[in-house]
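Undergrad: Quick one: the structure is below, questions incoming.
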Amino acid sequence: MGTEATAQQGLESPLVRAAGVSKSYVQRAPFSQKRFVIDALVNVELEVAPASLTALVGESGSGKSTLARCLAILERPDHGEIWFEGKEISRSSARELASLRPRIQMVFQDSAGALNPRFTAAQVITEPLEIQRRESGAGLQTRACELMEEVGLSPNWANRHPLEFSGGQRQRLAIARALALKPAFLILDESLSGLDLSTQAQILNLLLDLQKAHSLTYLLISHDLTLVGQVADFIAVMHQGRLVECGTRQHVLASPSHAHTRELLGSVRLVESAFRAAQAGGRS
Amino acid sequence: MLYSQSSSTAALLRICGLTVRHAALADPCHPALLGIEFEIKPGEIVGVLGESGSGKSTLALAILGLLPVSADIDGSIYFEDTDLLRVEEREWEAVRGRRIAIVFQEPGLSLSPVMRVGDQVGEVLRAHRQGRGQHRKQQVEAILQDVGLVQVDRICKAYPHQLSGGELQRVAIAQALACRPDVVIADEPTRSLDATRQAELLDVLRDANRKFGCALIFITHNPALLADFADRVIVMYGGRIVEEGPVSRVFRRPLHPYTKGLLQLIPTSLQDSGRTRGQHLPALPGSLSDSDRQSSGCIFASRCSARTDACQRESPAELVPEESRRVSCFNYGN
C-alpha cells in the first residue's frame, strides 16, 4: 500500500505522516480472563497533505479511531513513526508534546460527552487558552465571542451550558474550542455521525469555510462514505486494522483497488441509483 | 377530516389526532406531536422521514405505549379497532412485542450486556408464552436464521460485546420478529452502520415483510434509504406531518418545501458530483427553533425559501392536491 499512498501528494511534503504504525491492545475475555491480543493497527502508512481534507472511512472496529489517537499522540504506537511538520513526534517527551498539542486538535464524536456540562460555552472555548496561557482577563471573553461568531453561534449564547445547545450547535462549539489555539491539523472523529443530513451539510460547509480562512488540514473520520466522499480531497479506507486504500477522491471513487472499497462503493451506488430512479419516476 | 385514504383494505393501525405534550419540559405548551393522523395497512412499508426534533421517535414510543406517564397524550391509536390509548396496561402487554414490535436505534444499548444473545431472543417468546421450553431453542435458532445470521450456534451463545454491529442489529430485529408481529417499527436502525451493512439490514427487513407479511414503519432522517424500499412516506417536521404520499410520487415531485430541501441533500452521484474543491454542499438553512414552535404561522416558515406573508400569519391547513397525497403548505409545488 505504501508506495501508492505516498505517491498521492508527491509534490508537497506532508504535514502529517504515519510510517509503519502498529498498535495492539492486550485484553482479557470477560469471564474466562483469558488474554488475547487485538491488532488495532497493522503497519499503517498515511500521508496528509497540508491544507487538504482527508476522509478516513471504515466500519466500526477497523482502527480509524486508534489511528487518529496515535496521530494526535494520545496513544503511543507500538511500532512505526509519526511525523508532524517534518519532525518525528511519537517518542517526544511530555514537555515537548505540551508545545506541540496546540498544533494538533481533535473534535470528538459525542459532543454531549466531550464538553464539560458545568462550563458555559465561553468557558468551554477559553479553557485551552488559559491552560496554554495565551490570553487572560477580558481578552478571553472577547476571543470566545469571536470564535463563537466564526463557527456560526450567537455570542449571546456565551453564558449558556453545552447541554442547552442542539446537537449541531454543540458540534460547532466543539469546533470553536478546537480552533481556539489556532491549530494546523484538526482531527474530526465521527463528529458528523448522529447529526441530521441538513446539519451534517451545514457543518461540512462551515469546515470548508474555516479551511479557506485558516488553511487548516483536516482528517475527517466517518463510517459514511456518501457524506465525506462529497467534500474530501483524499480518501483513505481502513479494514481490520489495515489501511487498504488511499488516494485522491477521484481515483478512489473511479478505480478502487481493494475488494472492501469496491464492496462499499457498490452499496453506495445501489442506494444512489435507487434514489435517482425514484426521482425520475422510473420505479414505483 | 380532509384527508382519508381511498382504499378497500381496512387499516391495521389508525392514528387519529394524536397530540403529545411532555409535561416535564420547561414549556409544555410546545407539543412533541400535534394532530398526527395516518393509517398503516397490513403488510405495508411506510417510511417516516424527519430530522431530530420532528417527533418521529416520540411517535414510535406512543404507538408502543412506552411514553413516560408524565406525558400528556390526546387522540386515538386504533389497532384493529381497539383504541390502545384507552386500554389497561394488561391489554397493552398482549400487543406490545407480540403484535407491534420495535427495533431501536442502538442495539448495543437495547440488548442486555450480561445475557447470552440466544436467551434474550428466547425471553421474548417466553414473555408472550409462545412455544414450549424444550422447543424454544430451536425456535430461537430458526428466527436467527430468518434474519440472515449464519453460525447461529455461536451467535446464541455469544454475549452482545462479542458480536459485530451488523450482527447485533440483526439480533435486535430477530427479537422484534420473534412473535411474528403485525407491525414492526424500526427507529433509525441503520444510523451507525456503513453503506454495506445498511443495505444488508434493509434486505433483512424487506425479507421479513415479504415472508411474514408484517407491516413496517421505518423511521429515518435519510430519504435515500426509502427509495426502492418503502411504499409510502410520511414527512414530519416539528411534531407535525407536513407531507405524505407514495414514495415514487413524493420523490419525483415533492410538494412541501421541506421535503424538497431534504431531497436536495442527497448527492445524485458521489463520483460525478460536478462540485469544485471547497464548494459548498446544498444545505437547508437554519434549524427548528423554539420561536418556530411558538409562532402562529407555519412552523417551517423561518427556513422556507417559498415563504409569503400568509405563512408568517397562520398555519396552513392540510390539503389533498391529488389522490392519496396530502401536504400542509400554502404555496405547495412552487
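Labels used: A, B, ... for chains in the order of the C-alpha cells, numbers from 1 for residues in each chain, and numbers from 1 for ligands as shown.
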Set the cut-off to 8 Å and count only C-alpha atoms: what are the residues of chain B that reach chain A? Output as a ChimeraX atom specification.

TA: /B:51-52,165,191-196,199,221-222,224-225,227-228,231,247-249,251-253,262,265,267-271,273,277-285

Undergrad: Tell me which protein, DNA and RNA residues are within 8 Å of Met238 of chain A, counting only C-alpha atoms, leaving out same-chain ones fewer than 2 positions away, and put them as a CSV table (one decimal) with N, CA and C atoms, in the first residue's frame.

TA:
chain,number,residue,atom,x,y,z
A,56,LEU,N,-11.2,9.5,6.3
A,56,LEU,CA,-10.8,8.2,6.7
A,56,LEU,C,-12.0,7.4,7.0
A,57,VAL,N,-12.3,6.4,6.1
A,57,VAL,CA,-13.6,5.7,6.3
A,57,VAL,C,-13.3,4.2,6.6
A,58,GLY,N,-14.3,3.6,7.2
A,58,GLY,CA,-14.1,2.2,7.5
A,58,GLY,C,-15.2,1.8,8.5
A,59,GLU,N,-15.5,0.5,8.7
A,59,GLU,CA,-16.6,0.2,9.6
A,59,GLU,C,-16.1,0.3,11.1
A,62,SER,N,-12.5,-0.9,12.7
A,62,SER,CA,-11.5,-1.1,11.7
A,62,SER,C,-10.2,-0.4,12.1
A,63,GLY,N,-10.2,0.4,13.1
A,63,GLY,CA,-9.0,1.0,13.6
A,63,GLY,C,-8.9,2.5,13.3
A,64,LYS,N,-9.9,3.1,12.8
A,64,LYS,CA,-9.9,4.5,12.5
A,64,LYS,C,-9.6,5.4,13.7
A,236,ALA,N,-9.1,7.7,2.4
A,236,ALA,CA,-8.3,6.6,2.9
A,236,ALA,C,-9.3,5.6,3.5
A,240,GLN,N,-10.1,-3.8,9.1
A,240,GLN,CA,-9.4,-4.7,10.1
A,240,GLN,C,-8.0,-4.3,10.4
A,241,GLY,N,-7.8,-3.0,10.8
A,241,GLY,CA,-6.6,-2.5,11.3
A,241,GLY,C,-5.6,-2.1,10.2
A,242,ARG,N,-5.9,-2.4,8.9
A,242,ARG,CA,-5.0,-2.1,7.9
A,242,ARG,C,-5.6,-0.9,7.0
A,243,LEU,N,-4.7,-0.1,6.5
A,243,LEU,CA,-5.1,0.9,5.6
A,243,LEU,C,-5.1,0.3,4.2
A,244,VAL,N,-6.2,0.0,3.7
A,244,VAL,CA,-6.3,-0.9,2.5
A,244,VAL,C,-6.3,0.0,1.2
A,245,GLU,N,-6.6,1.3,1.3
A,245,GLU,CA,-6.8,2.1,0.1
A,245,GLU,C,-6.5,3.5,0.5

Undergrad: Restricting the calculation to only C-alpha atoms: of B:Leu84, B:Gly50, B:Leu64, B:Ala301, which residue gets closest to Leu263 of chain B?

TA: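 Closest to Leu263 of chain B of all the choices is B:Gly50.
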
Undergrad: What's the separation between atom CA of Ile221 of chain A and atom CA of Val107 of chain A, in Å to one decimal place?

TA: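 Atom CA of Val107 of chain A lies 10.3 Å from atom CA of Ile221 of chain A.
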
Undergrad: Find the residues around segment 146-163 of chain A up to 7 Å (only C-alpha atoms counted), leave out those fewer than 4 positions away in its own chain, and share them as an mmCIF file with C-alpha atoms, in the first residue's frame.

TA:
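Okay, selection.cif is ready:
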data_model
loop_
_atom_site.group_PDB
_atom_site.id
_atom_site.type_symbol
_atom_site.label_atom_id
_atom_site.label_comp_id
_atom_site.auth_asym_id
_atom_site.auth_seq_id
_atom_site.Cartn_x
_atom_site.Cartn_y
_atom_site.Cartn_z
ATOM 1 C CA ALA A 112 -22.500 15.958 24.732
ATOM 2 C CA LEU A 115 -17.719 19.006 26.633
ATOM 3 C CA PRO A 117 -21.593 20.207 31.119
ATOM 4 C CA ARG A 118 -20.861 22.565 34.043
ATOM 5 C CA PHE A 119 -18.926 25.017 31.897
ATOM 6 C CA THR A 120 -20.561 27.819 29.950
ATOM 7 C CA ALA A 121 -19.964 27.952 26.222
ATOM 8 C CA ALA A 122 -17.397 30.715 26.793
ATOM 9 C CA THR A 142 -13.532 38.742 23.547
ATOM 10 C CA ARG A 170 -22.780 21.659 20.232
ATOM 11 C CA ARG A 172 -19.965 23.929 16.354
ATOM 12 C CA ALA A 176 -14.700 26.578 18.226
ATOM 13 C CA LEU A 206 -18.514 25.507 7.962
#

Undergrad: If we count only C-alpha atoms and set the cut-off at 12 Å, which residues sit around Gly333 of chain B, ignoring sequence neighbours fewer than 6 positions away in its own chain? Please answer as a count of residues only.

TA: 17

Undergrad: Report as a list in words all protein, DNA and RNA residues lying within 8 Å of Arg170 of chain B, evaluated on only C-alpha atoms, omitting residues in the same chain fewer than 4 positions from it.

TA: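 Listing them by chain and then by number gives Leu144, Val147, Gly148, Leu149, Gly166, Ala174, Leu201 and Val204 of chain B.
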